[in-house]
Every structure is written in C-alpha cells, then in structure tokens.
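Just work-v7.pdb here, PDB, C-alpha atoms:
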```pdb
ATOM      1  CA  MET T  18      16.833 -17.573  13.015  1.00  0.00           C
ATOM      2  CA  THR T  19      13.417 -19.063  13.865  1.00  0.00           C
ATOM      3  CA  THR T  20      12.772 -22.594  12.604  1.00  0.00           C
ATOM      4  CA  PRO T  21       9.816 -22.514  10.174  1.00  0.00           C
ATOM      5  CA  ALA T  22       6.605 -23.778  11.786  1.00  0.00           C
ATOM      6  CA  TRP T  23       5.581 -26.081   8.961  1.00  0.00           C
ATOM      7  CA  ILE T  24       2.063 -27.467   8.868  1.00  0.00           C
ATOM      8  CA  ASP T  25       2.355 -30.742   6.987  1.00  0.00           C
ATOM      9  CA  LEU T  26      -0.683 -31.486   4.839  1.00  0.00           C
ATOM     10  CA  ASP T  27      -1.543 -34.069   2.197  1.00  0.00           C
ATOM     11  CA  GLY T  28      -2.756 -31.452  -0.280  1.00  0.00           C
ATOM     12  CA  ALA T  29      -0.379 -28.507   0.191  1.00  0.00           C
ATOM     13  CA  ALA T  30       3.413 -28.309   0.272  1.00  0.00           C
ATOM     14  CA  ASN T  31       4.183 -24.826   1.555  1.00  0.00           C
ATOM     15  CA  MET T  32       1.978 -24.071   4.543  1.00  0.00           C
ATOM     16  CA  ARG T  33       3.506 -22.648   7.680  1.00  0.00           C
ATOM     17  CA  ASP T  34       2.539 -20.490  10.646  1.00  0.00           C
ATOM     18  CA  VAL T  35       4.646 -17.332  10.915  1.00  0.00           C
ATOM     19  CA  GLY T  36       4.086 -17.336  14.674  1.00  0.00           C
ATOM     20  CA  GLY T  37       7.260 -17.379  16.726  1.00  0.00           C
ATOM     21  CA  ILE T  38       9.178 -14.932  14.548  1.00  0.00           C
ATOM     22  CA  PRO T  39      10.765 -12.361  16.888  1.00  0.00           C
ATOM     23  CA  THR T  40      10.065  -8.653  16.766  1.00  0.00           C
ATOM     24  CA  GLU T  41      12.748  -6.045  17.249  1.00  0.00           C
ATOM     25  CA  ASP T  42      11.274  -4.882  20.559  1.00  0.00           C
ATOM     26  CA  GLY T  43      11.728  -8.311  22.175  1.00  0.00           C
ATOM     27  CA  GLY T  44       8.288  -9.726  21.468  1.00  0.00           C
ATOM     28  CA  GLN T  45       7.211 -12.183  18.825  1.00  0.00           C
ATOM     29  CA  VAL T  46       4.512 -12.828  16.256  1.00  0.00           C
ATOM     30  CA  GLN T  47       1.873 -14.931  17.982  1.00  0.00           C
ATOM     31  CA  PRO T  48       1.108 -18.417  16.655  1.00  0.00           C
ATOM     32  CA  GLY T  49      -2.337 -18.971  15.201  1.00  0.00           C
ATOM     33  CA  ARG T  50      -2.681 -15.487  13.721  1.00  0.00           C
ATOM     34  CA  LEU T  51      -1.132 -15.617  10.228  1.00  0.00           C
ATOM     35  CA  LEU T  52      -0.505 -18.705   8.120  1.00  0.00           C
ATOM     36  CA  ARG T  53       0.981 -18.648   4.623  1.00  0.00           C
ATOM     37  CA  SER T  54       0.483 -21.299   1.962  1.00  0.00           C
ATOM     38  CA  ASP T  55       0.527 -22.450  -1.618  1.00  0.00           C
ATOM     39  CA  ASN T  56      -2.581 -23.543  -3.526  1.00  0.00           C
ATOM     40  CA  LEU T  57      -5.354 -25.056  -1.373  1.00  0.00           C
ATOM     41  CA  GLN T  58      -7.288 -26.798  -4.153  1.00  0.00           C
ATOM     42  CA  GLU T  59      -6.239 -30.346  -3.198  1.00  0.00           C
ATOM     43  CA  LEU T  60      -6.758 -30.430   0.560  1.00  0.00           C
ATOM     44  CA  SER T  61      -7.965 -33.716   1.995  1.00  0.00           C
ATOM     45  CA  PRO T  62     -10.659 -34.038   4.684  1.00  0.00           C
ATOM     46  CA  LYS T  63      -7.829 -34.705   7.137  1.00  0.00           C
ATOM     47  CA  ASP T  64      -6.113 -31.478   6.031  1.00  0.00           C
ATOM     48  CA  ILE T  65      -9.282 -29.494   6.632  1.00  0.00           C
ATOM     49  CA  THR T  66      -9.582 -30.956  10.125  1.00  0.00           C
ATOM     50  CA  THR T  67      -5.970 -29.944  10.780  1.00  0.00           C
ATOM     51  CA  LEU T  68      -6.575 -26.359   9.662  1.00  0.00           C
ATOM     52  CA  LEU T  69      -9.685 -26.022  11.781  1.00  0.00           C
ATOM     53  CA  ALA T  70      -7.684 -27.333  14.738  1.00  0.00           C
ATOM     54  CA  HIS T  71      -5.218 -24.484  14.102  1.00  0.00           C
ATOM     55  CA  GLY T  72      -8.092 -22.038  14.559  1.00  0.00           C
ATOM     56  CA  VAL T  73      -8.359 -20.932  10.922  1.00  0.00           C
ATOM     57  CA  SER T  74     -11.328 -18.631  10.355  1.00  0.00           C
ATOM     58  CA  ASP T  75     -10.393 -16.695   7.205  1.00  0.00           C
ATOM     59  CA  ILE T  76      -8.858 -17.534   3.828  1.00  0.00           C
ATOM     60  CA  VAL T  77      -7.242 -14.814   1.700  1.00  0.00           C
ATOM     61  CA  ASP T  78      -6.796 -15.987  -1.898  1.00  0.00           C
ATOM     62  CA  LEU T  79      -4.377 -13.785  -3.860  1.00  0.00           C
ATOM     63  CA  ARG T  80      -4.757 -15.671  -7.132  1.00  0.00           C
ATOM     64  CA  SER T  81      -6.170 -14.104 -10.259  1.00  0.00           C
ATOM     65  CA  GLN T  82      -9.730 -14.397 -11.521  1.00  0.00           C
ATOM     66  CA  VAL T  83      -8.430 -16.568 -14.345  1.00  0.00           C
ATOM     67  CA  GLU T  84      -6.751 -18.976 -11.915  1.00  0.00           C
ATOM     68  CA  LEU T  85      -9.940 -19.275  -9.882  1.00  0.00           C
ATOM     69  CA  ARG T  86     -11.979 -20.043 -12.985  1.00  0.00           C
ATOM     70  CA  LEU T  87      -9.479 -22.532 -14.395  1.00  0.00           C
ATOM     71  CA  THR T  88      -8.993 -24.466 -11.150  1.00  0.00           C
ATOM     72  CA  GLY T  89     -12.548 -24.296  -9.820  1.00  0.00           C
ATOM     73  CA  PRO T  90     -13.729 -24.085  -6.211  1.00  0.00           C
ATOM     74  CA  GLY T  91     -11.530 -25.777  -3.659  1.00  0.00           C
ATOM     75  CA  PRO T  92     -12.717 -27.970  -0.781  1.00  0.00           C
ATOM     76  CA  LEU T  93     -12.481 -25.166   1.771  1.00  0.00           C
ATOM     77  CA  THR T  94     -15.317 -23.309   0.035  1.00  0.00           C
ATOM     78  CA  ARG T  95     -17.652 -25.969   1.423  1.00  0.00           C
ATOM     79  CA  VAL T  96     -16.631 -25.292   5.028  1.00  0.00           C
ATOM     80  CA  THR T  97     -19.302 -22.957   6.348  1.00  0.00           C
ATOM     81  CA  SER T  98     -17.285 -21.761   9.339  1.00  0.00           C
ATOM     82  CA  LEU T  99     -14.658 -20.160   7.077  1.00  0.00           C
ATOM     83  CA  THR T 100     -14.863 -16.746   5.452  1.00  0.00           C
ATOM     84  CA  HIS T 101     -13.240 -16.442   2.017  1.00  0.00           C
ATOM     85  CA  HIS T 102     -11.708 -13.245   0.662  1.00  0.00           C
ATOM     86  CA  HIS T 103     -10.413 -12.852  -2.893  1.00  0.00           C
ATOM     87  CA  HIS T 104      -7.795 -10.158  -3.499  1.00  0.00           C
ATOM     88  CA  SER T 105      -6.119 -10.646  -6.868  1.00  0.00           C
ATOM     89  CA  LEU T 106      -2.764  -8.884  -7.246  1.00  0.00           C
ATOM     90  CA  PHE T 107      -3.163  -8.554 -11.013  1.00  0.00           C
ATOM     91  CA  ALA T 108      -4.933  -5.546 -12.506  1.00  0.00           C
ATOM     92  CA  ASP T 109      -5.821  -7.080 -15.865  1.00  0.00           C
ATOM     93  CA  ASP T 110      -7.033 -10.595 -15.160  1.00  0.00           C
ATOM     94  CA  ASP T 111     -10.813 -10.250 -15.355  1.00  0.00           C
ATOM     95  CA  VAL T 112     -11.489 -12.208 -18.539  1.00  0.00           C
ATOM     96  CA  ALA T 113     -13.518 -15.296 -19.313  1.00  0.00           C
ATOM     97  CA  VAL T 114     -11.728 -18.639 -19.343  1.00  0.00           C
ATOM     98  CA  GLU T 115     -12.443 -19.135 -23.028  1.00  0.00           C
ATOM     99  CA  ASP T 116     -10.694 -15.829 -23.759  1.00  0.00           C
ATOM    100  CA  ALA T 117      -7.748 -16.509 -21.462  1.00  0.00           C
ATOM    101  CA  LEU T 118      -5.073 -18.020 -23.674  1.00  0.00           C
ATOM    102  CA  VAL T 119      -2.522 -17.435 -20.939  1.00  0.00           C
ATOM    103  CA  LEU T 120      -2.489 -16.672 -17.248  1.00  0.00           C
ATOM    104  CA  PRO T 121      -1.975 -13.017 -16.246  1.00  0.00           C
ATOM    105  CA  TRP T 122       1.797 -13.247 -15.814  1.00  0.00           C
ATOM    106  CA  HIS T 123       2.453 -14.701 -19.270  1.00  0.00           C
ATOM    107  CA  ASP T 124       4.026 -12.336 -21.800  1.00  0.00           C
ATOM    108  CA  ARG T 125       3.547  -9.299 -19.576  1.00  0.00           C
ATOM    109  CA  VAL T 126       5.621  -6.238 -20.348  1.00  0.00           C
ATOM    110  CA  GLU T 127       6.353  -4.809 -16.934  1.00  0.00           C
ATOM    111  CA  GLU T 128       7.919  -1.552 -15.872  1.00  0.00           C
ATOM    112  CA  GLU T 129      11.357  -2.169 -14.367  1.00  0.00           C
ATOM    113  CA  ARG T 130      11.015  -0.833 -10.850  1.00  0.00           C
ATOM    114  CA  ASP T 131      14.189  -2.401  -9.439  1.00  0.00           C
ATOM    115  CA  ALA T 132      17.298  -4.070 -10.825  1.00  0.00           C
ATOM    116  CA  ASN T 133      16.315  -7.263  -8.986  1.00  0.00           C
ATOM    117  CA  HIS T 134      13.772  -9.036 -11.203  1.00  0.00           C
ATOM    118  CA  TRP T 135      11.597 -10.338  -8.375  1.00  0.00           C
ATOM    119  CA  THR T 136      11.696  -7.110  -6.378  1.00  0.00           C
ATOM    120  CA  SER T 137      10.550  -5.287  -9.505  1.00  0.00           C
ATOM    121  CA  HIS T 138       7.748  -7.814  -9.909  1.00  0.00           C
ATOM    122  CA  TYR T 139       6.625  -7.451  -6.297  1.00  0.00           C
ATOM    123  CA  LEU T 140       6.679  -3.667  -6.499  1.00  0.00           C
ATOM    124  CA  GLY T 141       4.306  -4.085  -9.425  1.00  0.00           C
ATOM    125  CA  TYR T 142       1.773  -5.662  -7.072  1.00  0.00           C
ATOM    126  CA  LEU T 143       1.939  -2.583  -4.844  1.00  0.00           C
ATOM    127  CA  ALA T 144       1.644  -0.226  -7.792  1.00  0.00           C
ATOM    128  CA  GLU T 145      -1.107  -2.054  -9.694  1.00  0.00           C
ATOM    129  CA  ARG T 146      -3.229  -3.458  -6.865  1.00  0.00           C
ATOM    130  CA  PRO T 147      -2.720  -1.455  -3.676  1.00  0.00           C
ATOM    131  CA  ASP T 148      -6.407  -2.085  -2.959  1.00  0.00           C
ATOM    132  CA  SER T 149      -5.853  -5.847  -2.867  1.00  0.00           C
ATOM    133  CA  VAL T 150      -2.684  -5.627  -0.781  1.00  0.00           C
ATOM    134  CA  SER T 151      -4.496  -3.346   1.659  1.00  0.00           C
ATOM    135  CA  GLY T 152      -7.572  -5.565   1.659  1.00  0.00           C
ATOM    136  CA  ALA T 153      -5.571  -8.702   2.387  1.00  0.00           C
ATOM    137  CA  LEU T 154      -3.804  -7.067   5.325  1.00  0.00           C
ATOM    138  CA  ASP T 155      -7.111  -5.749   6.648  1.00  0.00           C
ATOM    139  CA  VAL T 156      -8.461  -9.301   6.774  1.00  0.00           C
ATOM    140  CA  VAL T 157      -5.472 -10.350   8.885  1.00  0.00           C
ATOM    141  CA  ALA T 158      -6.031  -7.379  11.190  1.00  0.00           C
ATOM    142  CA  ARG T 159      -9.747  -8.066  11.735  1.00  0.00           C
ATOM    143  CA  SER T 160      -9.843 -11.871  11.769  1.00  0.00           C
ATOM    144  CA  GLU T 161     -11.099 -13.537  14.926  1.00  0.00           C
ATOM    145  CA  GLY T 162      -9.018 -16.642  14.220  1.00  0.00           C
ATOM    146  CA  ALA T 163      -6.051 -17.528  12.081  1.00  0.00           C
ATOM    147  CA  THR T 164      -5.899 -16.155   8.553  1.00  0.00           C
ATOM    148  CA  VAL T 165      -4.403 -18.239   5.744  1.00  0.00           C
ATOM    149  CA  VAL T 166      -2.907 -16.062   2.997  1.00  0.00           C
ATOM    150  CA  HIS T 167      -2.140 -18.037  -0.146  1.00  0.00           C
ATOM    151  CA  CYS T 168      -1.525 -17.902  -3.877  1.00  0.00           C
ATOM    152  CA  ALA T 169      -0.339 -20.643  -6.251  1.00  0.00           C
ATOM    153  CA  ALA T 170       3.158 -21.383  -4.905  1.00  0.00           C
ATOM    154  CA  GLY T 171       2.955 -19.401  -1.661  1.00  0.00           C
ATOM    155  CA  LYS T 172       6.136 -17.527  -2.569  1.00  0.00           C
ATOM    156  CA  ASP T 173       5.658 -14.339  -4.614  1.00  0.00           C
ATOM    157  CA  ARG T 174       2.235 -12.822  -4.019  1.00  0.00           C
ATOM    158  CA  THR T 175       1.964 -14.392  -0.572  1.00  0.00           C
ATOM    159  CA  GLY T 176       5.561 -13.411   0.179  1.00  0.00           C
ATOM    160  CA  THR T 177       4.837  -9.768  -0.624  1.00  0.00           C
ATOM    161  CA  VAL T 178       1.746  -9.516   1.592  1.00  0.00           C
ATOM    162  CA  VAL T 179       3.348 -11.431   4.473  1.00  0.00           C
ATOM    163  CA  ALA T 180       6.514  -9.297   4.290  1.00  0.00           C
ATOM    164  CA  LEU T 181       4.448  -6.126   4.701  1.00  0.00           C
ATOM    165  CA  ALA T 182       2.460  -7.644   7.573  1.00  0.00           C
ATOM    166  CA  LEU T 183       5.625  -8.684   9.395  1.00  0.00           C
ATOM    167  CA  SER T 184       7.174  -5.256   8.858  1.00  0.00           C
ATOM    168  CA  VAL T 185       4.153  -3.600  10.499  1.00  0.00           C
ATOM    169  CA  ALA T 186       4.496  -6.099  13.365  1.00  0.00           C
ATOM    170  CA  GLY T 187       8.049  -4.891  13.970  1.00  0.00           C
ATOM    171  CA  VAL T 188       9.984  -7.855  12.573  1.00  0.00           C
ATOM    172  CA  SER T 189      13.477  -7.122  11.267  1.00  0.00           C
ATOM    173  CA  ASP T 190      14.254  -7.246   7.546  1.00  0.00           C
ATOM    174  CA  GLU T 191      16.607 -10.144   8.270  1.00  0.00           C
ATOM    175  CA  ASP T 192      13.894 -12.257   9.880  1.00  0.00           C
ATOM    176  CA  ILE T 193      11.310 -11.298   7.234  1.00  0.00           C
ATOM    177  CA  THR T 194      13.792 -12.472   4.621  1.00  0.00           C
ATOM    178  CA  ALA T 195      14.424 -15.721   6.496  1.00  0.00           C
ATOM    179  CA  ASP T 196      10.688 -16.447   6.474  1.00  0.00           C
ATOM    180  CA  TYR T 197      10.538 -15.743   2.727  1.00  0.00           C
ATOM    181  CA  VAL T 198      13.569 -17.911   1.928  1.00  0.00           C
ATOM    182  CA  ALA T 199      12.177 -20.827   3.979  1.00  0.00           C
ATOM    183  CA  THR T 200      10.078 -21.722   0.937  1.00  0.00           C
ATOM    184  CA  THR T 201      13.320 -23.056  -0.572  1.00  0.00           C
ATOM    185  CA  GLU T 202      12.977 -26.113   1.662  1.00  0.00           C
ATOM    186  CA  ARG T 203       9.764 -27.091  -0.108  1.00  0.00           C
ATOM    187  CA  ILE T 204      10.348 -25.664  -3.605  1.00  0.00           C
ATOM    188  CA  GLU T 205      10.741 -29.021  -5.376  1.00  0.00           C
ATOM    189  CA  ARG T 206       7.441 -30.275  -3.981  1.00  0.00           C
ATOM    190  CA  ILE T 207       5.722 -26.979  -4.760  1.00  0.00           C
ATOM    191  CA  VAL T 208       6.778 -26.997  -8.409  1.00  0.00           C
ATOM    192  CA  GLU T 209       5.931 -30.695  -8.753  1.00  0.00           C
ATOM    193  CA  ARG T 210       2.400 -30.012  -7.491  1.00  0.00           C
ATOM    194  CA  LEU T 211       1.838 -27.041  -9.802  1.00  0.00           C
ATOM    195  CA  ALA T 212       3.265 -28.839 -12.832  1.00  0.00           C
ATOM    196  CA  ALA T 213       0.482 -31.428 -12.463  1.00  0.00           C
ATOM    197  CA  VAL T 214      -2.203 -28.716 -12.762  1.00  0.00           C
ATOM    198  CA  PRO T 215      -3.055 -27.789 -16.386  1.00  0.00           C
ATOM    199  CA  ALA T 216      -3.513 -24.132 -15.468  1.00  0.00           C
ATOM    200  CA  TYR T 217       0.151 -23.875 -14.420  1.00  0.00           C
ATOM    201  CA  ALA T 218       1.890 -26.602 -16.421  1.00  0.00           C
ATOM    202  CA  ASP T 219       2.655 -24.515 -19.542  1.00  0.00           C
ATOM    203  CA  ASN T 220       4.320 -21.793 -17.505  1.00  0.00           C
ATOM    204  CA  LEU T 221       6.544 -24.337 -15.736  1.00  0.00           C
ATOM    205  CA  ARG T 222       7.476 -26.532 -18.679  1.00  0.00           C
ATOM    206  CA  GLY T 223      11.153 -26.315 -19.576  1.00  0.00           C
ATOM    207  CA  ARG T 224      12.096 -24.009 -16.702  1.00  0.00           C
ATOM    208  CA  PRO T 225      14.837 -25.178 -14.316  1.00  0.00           C
ATOM    209  CA  LEU T 226      14.019 -25.540 -10.644  1.00  0.00           C
ATOM    210  CA  SER T 227      16.533 -22.774  -9.896  1.00  0.00           C
ATOM    211  CA  ASP T 228      14.166 -20.260 -11.532  1.00  0.00           C
ATOM    212  CA  HIS T 229      11.758 -20.759  -8.645  1.00  0.00           C
ATOM    213  CA  VAL T 230      14.133 -20.671  -5.677  1.00  0.00           C
ATOM    214  CA  PRO T 231      13.578 -17.539  -3.529  1.00  0.00           C
ATOM    215  CA  ASP T 232      16.319 -14.937  -3.951  1.00  0.00           C
ATOM    216  CA  PRO T 233      17.454 -13.656  -0.516  1.00  0.00           C
ATOM    217  CA  GLU T 234      18.055 -10.181  -1.969  1.00  0.00           C
ATOM    218  CA  THR T 235      14.445  -9.769  -3.065  1.00  0.00           C
ATOM    219  CA  ILE T 236      12.718  -8.896   0.204  1.00  0.00           C
ATOM    220  CA  PRO T 237      15.354  -6.487   1.576  1.00  0.00           C
ATOM    221  CA  ARG T 238      15.259  -4.617  -1.723  1.00  0.00           C
ATOM    222  CA  LEU T 239      11.460  -4.577  -1.672  1.00  0.00           C
ATOM    223  CA  LEU T 240      11.330  -3.124   1.826  1.00  0.00           C
ATOM    224  CA  GLU T 241      14.063  -0.609   1.029  1.00  0.00           C
ATOM    225  CA  ALA T 242      12.179   0.492  -2.101  1.00  0.00           C
ATOM    226  CA  VAL T 243       9.019   1.031  -0.040  1.00  0.00           C
ATOM    227  CA  ARG T 244      10.984   3.098   2.477  1.00  0.00           C
ATOM    228  CA  ARG T 245      12.658   5.091  -0.266  1.00  0.00           C
ATOM    229  CA  THR T 246       9.373   6.003  -1.943  1.00  0.00           C
ATOM    230  CA  ALA T 247       6.896   6.099   0.969  1.00  0.00           C
ATOM    231  CA  GLY T 248       9.044   6.384   4.089  1.00  0.00           C
ATOM    232  CA  SER T 249       8.033   3.044   5.634  1.00  0.00           C
ATOM    233  CA  VAL T 250       5.521   0.252   5.225  1.00  0.00           C
ATOM    234  CA  PRO T 251       3.108   1.985   7.651  1.00  0.00           C
ATOM    235  CA  GLU T 252       3.446   5.205   5.642  1.00  0.00           C
ATOM    236  CA  TRP T 253       2.707   3.286   2.437  1.00  0.00           C
ATOM    237  CA  LEU T 254      -0.449   1.972   4.076  1.00  0.00           C
ATOM    238  CA  HIS T 255      -1.335   5.492   5.213  1.00  0.00           C
ATOM    239  CA  ALA T 256      -1.059   6.567   1.585  1.00  0.00           C
ATOM    240  CA  VAL T 257      -3.586   3.936   0.494  1.00  0.00           C
ATOM    241  CA  GLY T 258      -6.097   4.940   3.147  1.00  0.00           C
ATOM    242  CA  TRP T 259      -5.098   3.316   6.428  1.00  0.00           C
ATOM    243  CA  SER T 260      -5.444   5.195   9.691  1.00  0.00           C
ATOM    244  CA  ASP T 261      -3.206   4.943  12.742  1.00  0.00           C
ATOM    245  CA  ASP T 262      -5.942   2.833  14.341  1.00  0.00           C
ATOM    246  CA  ASP T 263      -5.887   0.441  11.376  1.00  0.00           C
ATOM    247  CA  LEU T 264      -2.134   0.010  11.694  1.00  0.00           C
ATOM    248  CA  GLU T 265      -2.334  -0.533  15.437  1.00  0.00           C
ATOM    249  CA  ARG T 266      -5.086  -3.118  14.928  1.00  0.00           C
ATOM    250  CA  LEU T 267      -2.847  -5.123  12.565  1.00  0.00           C
ATOM    251  CA  ARG T 268       0.180  -4.820  14.820  1.00  0.00           C
ATOM    252  CA  ARG T 269      -1.732  -5.870  17.932  1.00  0.00           C
ATOM    253  CA  ARG T 270      -3.431  -8.724  16.103  1.00  0.00           C
ATOM    254  CA  LEU T 271      -0.072 -10.143  15.108  1.00  0.00           C
ATOM    255  CA  VAL T 272       1.938  -9.626  18.291  1.00  0.00           C
ATOM    256  CA  ASP T 273      -0.347  -9.257  21.319  1.00  0.00           C
ATOM    257  CA  PRO T 274      -0.972 -12.434  23.341  1.00  0.00           C
ATOM    258  CA  ASP T 275      -4.614 -13.315  23.950  1.00  0.00           C
TER     259      ASP T 275
END
```

As structure tokens, the full file:
Amino acid sequence: MTTPAWIDLDGAANMRDVGGIPTEDGGQVQPGRLLRSDNLQELSPKDITTLLAHGVSDIVDLRSQVELRLTGPGPLTRVTSLTHHHHSLFADDDVAVEDALVLPWHDRVEEERDANHWTSHYLGYLAERPDSVSGALDVVARSEGATVVHCAAGKDRTGTVVALALSVAGVSDEDITADYVATTERIERIVERLAAVPAYADNLRGRPLSDHVPDPETIPRLLEAVRRTAGSVPEWLHAVGWSDDDLERLRRRLVDPD
C-alpha cells in the first residue's frame, strides 16, 4: 500500500497528493496532477506559497451554494494565477442564506441505493449531479498544473470524485480504497476544524467521532454498483456525454510522465 503523500498546512488537515498510487498495468499516478483536500477557507499565506510550489493551477470546490455563501470567499480566490471551478454535488442547494435553515444534507430523505449507508449516499451524487461529477473530472483532465479537489471534510464528495478519477487511471479497487481510508489518520483534526465553523457545527454536535471514520466497504461497493449499472466507470462517463478522447485525456493526464 502506498504511503499517503500528505501536504501539511496550517489551515487544512486533509490535503494529500494522490501521486504515487500504482496502476494495475505497472505504472503510477503522477505526482502534481491531482490533490485532494478538506475546506480551504483558512489557508495561511505560507500555505498558499506551499500550494503554488506544488504547481497548483486549478481548484475544484464540490461544496454547495449554501456552504459557499455561509463561509464566504476563501484566501485562494485572491490568487490570480488560480482558476476556480464550482461543482456542487447537491441538486437542491440553490437558496439564499436567509432561507437556508439547514445545509443541504440535513433532514434529507434519500433513496436507498445500496445497503451501505455511505455507498448509497455517494451513488446519490452520481444520480443527482452527474453534470458536476463530470465537470470536476474534466477540470482534472484539462488542467495545465495540479488540480485540488475539495469539499468540507475531503472525505465524501471529494472521495467520490477521486475514486472515479483513479478508476479511469487504472488503479485497483484495493488501492482506491486505501486512498479513501487514509483520511482516518486525520479525522480527529478534520472534525475539530469543522466544529469550529458555525456553518458545520450544528451538524457535528453530539455525533461521535466514529460516525465520521471512512468505512472501507464504501468505495468497493460504490465501484461495484457503477459496474453493475453502467458496466464500468468509463462507461458511466460515456453515458453522461464523455467521448473516448475525453477518457484518454483524463487517463493520460493522471498517469503519463511529462
């Protein structure tokens, strides 16, 4: 199993480069192509310098419209060399802050798509916002530098998008799962950070830390569900409008050396 390539920052707890993860054909995901992270609202000037040194050119924010409005613009929005892309994975989040009594995941009645709670939740992203999942992956495929994909904790929404990207790159389910589960190492710090933010505090209050620990069954079941319904992750992307050239662009971007 590949050791997670953590990027230690003052203002984020769960950032890592997925570079170095092996592919099943003997290659590997190249460093400096795809980074995954939790919320980027509290980055310090030193953190920003570190990210630019890692070659970051694009930021994909998977958070909802409500989260963006409640937390305000982060420091990276002032960095002119970066391109920002917003791809919410919630279909019903476009409301004004004053009308948003809860964040999009509160009190949602979701279709049960899998017996595993989190797999069912992640399949909901694919069903409700295939445009955003596709759009996020397209940014990774077309970026000239490193792309940071992030949400609030860097686990669920980010984990779904990164799992699909790694599957297209040819990474095994076992290694995709290992990358997902690596968040466990930082989960206490992640939850502590979010609990200090009013937008997330109510959702976290009273919940044990164990509720947030990544379940190693989640990603294998997600990928199996995609294969069962679409044939494969590439076929799922074909179904939402990707061409063979689009898929090859993403694969090459992730695995081909410069």

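In this model, the gap between CA of Arg206 (chain T) and CA of Val166 (chain T) comes to 18.9 Å.
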
Given all atoms listed in the file as the counted atoms, nearest of T:Ala169, T:Leu271, T:Ala199, T:Val77 to Gly49 (chain T):
T:Leu271

Give me the result of the PyMOL selection byres ((chain T and resi 154) around 9) on this file, residue by residue, as a PyMOL selection string.
chain T and resi 149-153+155-159+178-179+181-182+267

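With only C-alpha atoms as the atoms that count, the residue of T:Thr97, T:Leu51, T:Ile204, T:Trp253 with the shortest distance to Ser227 (chain T) is T:Ile204.
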
Find the nearest atom pair between each residue of region 44-156 of chain T and region 19-29 of chain T for residues within 8 Å, count all atoms listed in the file, give distances in Å to one decimal, sort rows by chain and ascending number, and present the table as JSON lines.
```
{"residue": "T:Ser54", "atom": "CA", "partner": "T:Ala29", "partner_atom": "CA", "distance": 7.5}
{"residue": "T:Asp55", "atom": "CA", "partner": "T:Ala29", "partner_atom": "CA", "distance": 6.4}
{"residue": "T:Asn56", "atom": "CA", "partner": "T:Ala29", "partner_atom": "CA", "distance": 6.6}
{"residue": "T:Leu57", "atom": "CA", "partner": "T:Ala29", "partner_atom": "CA", "distance": 6.3}
{"residue": "T:Gln58", "atom": "CA", "partner": "T:Gly28", "partner_atom": "CA", "distance": 7.6}
{"residue": "T:Glu59", "atom": "CA", "partner": "T:Gly28", "partner_atom": "CA", "distance": 4.7}
{"residue": "T:Leu60", "atom": "CA", "partner": "T:Gly28", "partner_atom": "CA", "distance": 4.2}
{"residue": "T:Ser61", "atom": "CA", "partner": "T:Gly28", "partner_atom": "CA", "distance": 6.1}
{"residue": "T:Asp64", "atom": "CA", "partner": "T:Leu26", "partner_atom": "CA", "distance": 5.6}
```

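For Ser105 (chain T), the residues within 9 Å (counting only C-alpha atoms, excluding itself and residues fewer than 2 positions away along the chain) are T:Asp78, T:Leu79, T:Arg80, T:Ser81, T:Gln82, T:His103, T:Phe107, T:Ala108, T:Asp110, T:Arg146, T:Ser149, T:Val150.
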
Write a file of the just-selected residues containing C-alpha atoms, as a short mmCIF file (atom, residue, chain, number, x, y, z; two decimals), in the coordinates of the input.
```cif
data_model
loop_
_atom_site.label_atom_id
_atom_site.label_comp_id
_atom_site.auth_asym_id
_atom_site.auth_seq_id
_atom_site.Cartn_x
_atom_site.Cartn_y
_atom_site.Cartn_z
CA ASP T 78 -6.80 -15.99 -1.90
CA LEU T 79 -4.38 -13.78 -3.86
CA ARG T 80 -4.76 -15.67 -7.13
CA SER T 81 -6.17 -14.10 -10.26
CA GLN T 82 -9.73 -14.40 -11.52
CA HIS T 103 -10.41 -12.85 -2.89
CA PHE T 107 -3.16 -8.55 -11.01
CA ALA T 108 -4.93 -5.55 -12.51
CA ASP T 110 -7.03 -10.60 -15.16
CA ARG T 146 -3.23 -3.46 -6.86
CA SER T 149 -5.85 -5.85 -2.87
CA VAL T 150 -2.68 -5.63 -0.78
#
```

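You can rank T:Cys168, T:Gly44, T:Ala180, T:Leu69 by their closest distance to Glu241 (chain T) using all atoms listed in the file, and at the top of that list sits T:Ala180.
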
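If only C-alpha atoms are the atoms counted, then among T:Pro39, T:Pro251, T:Gly171, T:Gly258 the closest residue to Glu191 (chain T) is T:Pro39.
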
Could you tell me, as a PDB file with C-alpha atoms, in the frame of the given file, exactly which residues end up selected when the PyMOL selection byres ((chain T and resi 195) around 10) is applied to this structure?
```
ATOM      1  CA  MET T  18      16.833 -17.573  13.015  1.00  0.00           C
ATOM      2  CA  THR T  19      13.417 -19.063  13.865  1.00  0.00           C
ATOM      3  CA  THR T  20      12.772 -22.594  12.604  1.00  0.00           C
ATOM      4  CA  PRO T  21       9.816 -22.514  10.174  1.00  0.00           C
ATOM      5  CA  ILE T  38       9.178 -14.932  14.548  1.00  0.00           C
ATOM      6  CA  SER T 189      13.477  -7.122  11.267  1.00  0.00           C
ATOM      7  CA  ASP T 190      14.254  -7.246   7.546  1.00  0.00           C
ATOM      8  CA  GLU T 191      16.607 -10.144   8.270  1.00  0.00           C
ATOM      9  CA  ASP T 192      13.894 -12.257   9.880  1.00  0.00           C
ATOM     10  CA  ILE T 193      11.310 -11.298   7.234  1.00  0.00           C
ATOM     11  CA  THR T 194      13.792 -12.472   4.621  1.00  0.00           C
ATOM     12  CA  ASP T 196      10.688 -16.447   6.474  1.00  0.00           C
ATOM     13  CA  TYR T 197      10.538 -15.743   2.727  1.00  0.00           C
ATOM     14  CA  VAL T 198      13.569 -17.911   1.928  1.00  0.00           C
ATOM     15  CA  ALA T 199      12.177 -20.827   3.979  1.00  0.00           C
ATOM     16  CA  THR T 200      10.078 -21.722   0.937  1.00  0.00           C
ATOM     17  CA  PRO T 233      17.454 -13.656  -0.516  1.00  0.00           C
ATOM     18  CA  ILE T 236      12.718  -8.896   0.204  1.00  0.00           C
TER      19      ILE T 236
END
```

Tell me which of T:Ala163, T:Leu239, T:Ala186, T:Leu87 sits closest to Val46 (chain T), counting only C-alpha atoms.
T:Ala186

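Take the PyMOL selection byres ((chain T and resi 50) around 9) and apply it to this file: it picks T:Asp34, T:Val35, T:Gly36, T:Val46, T:Gln47, T:Pro48, T:Gly49, T:Leu51, T:Leu52, T:Gly72, T:Val73, T:Val157, T:Ser160, T:Glu161, T:Gly162, T:Ala163, T:Thr164, T:Val165, T:Arg270, T:Leu271, T:Val272.
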
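Considering the residues T:Asp75, T:Glu265, T:Glu205, T:Glu84 and counting all atoms listed in the file, Leu99 (chain T) has its shortest atom-to-atom contact with T:Asp75.
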
Size and centre in Å, one decimal, axis-aligned box, all listed region 190-208 of chain T atoms plus 4 Å per side, as AutoDock Vina command-line options:
```
--center_x 11.2 --center_y -18.8 --center_z 0.7 --size_x 18.9 --size_y 31.0 --size_z 26.3
```

Got a sec: who's within 8 Å of Leu221 (chain T), counting all atoms listed in the file, leaving out chain neighbours fewer than 4 positions off, as a PyMOL selection string?
chain T and resi 208+212+217

Give me, please, the distance in Å between CA of Gly176 (chain T) and CA of Tyr139 (chain T), quoted to one decimal.
8.9 Å

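Of note, CA of Leu183 (chain T) and CA of Ala132 (chain T) are spaced 23.8 Å apart.
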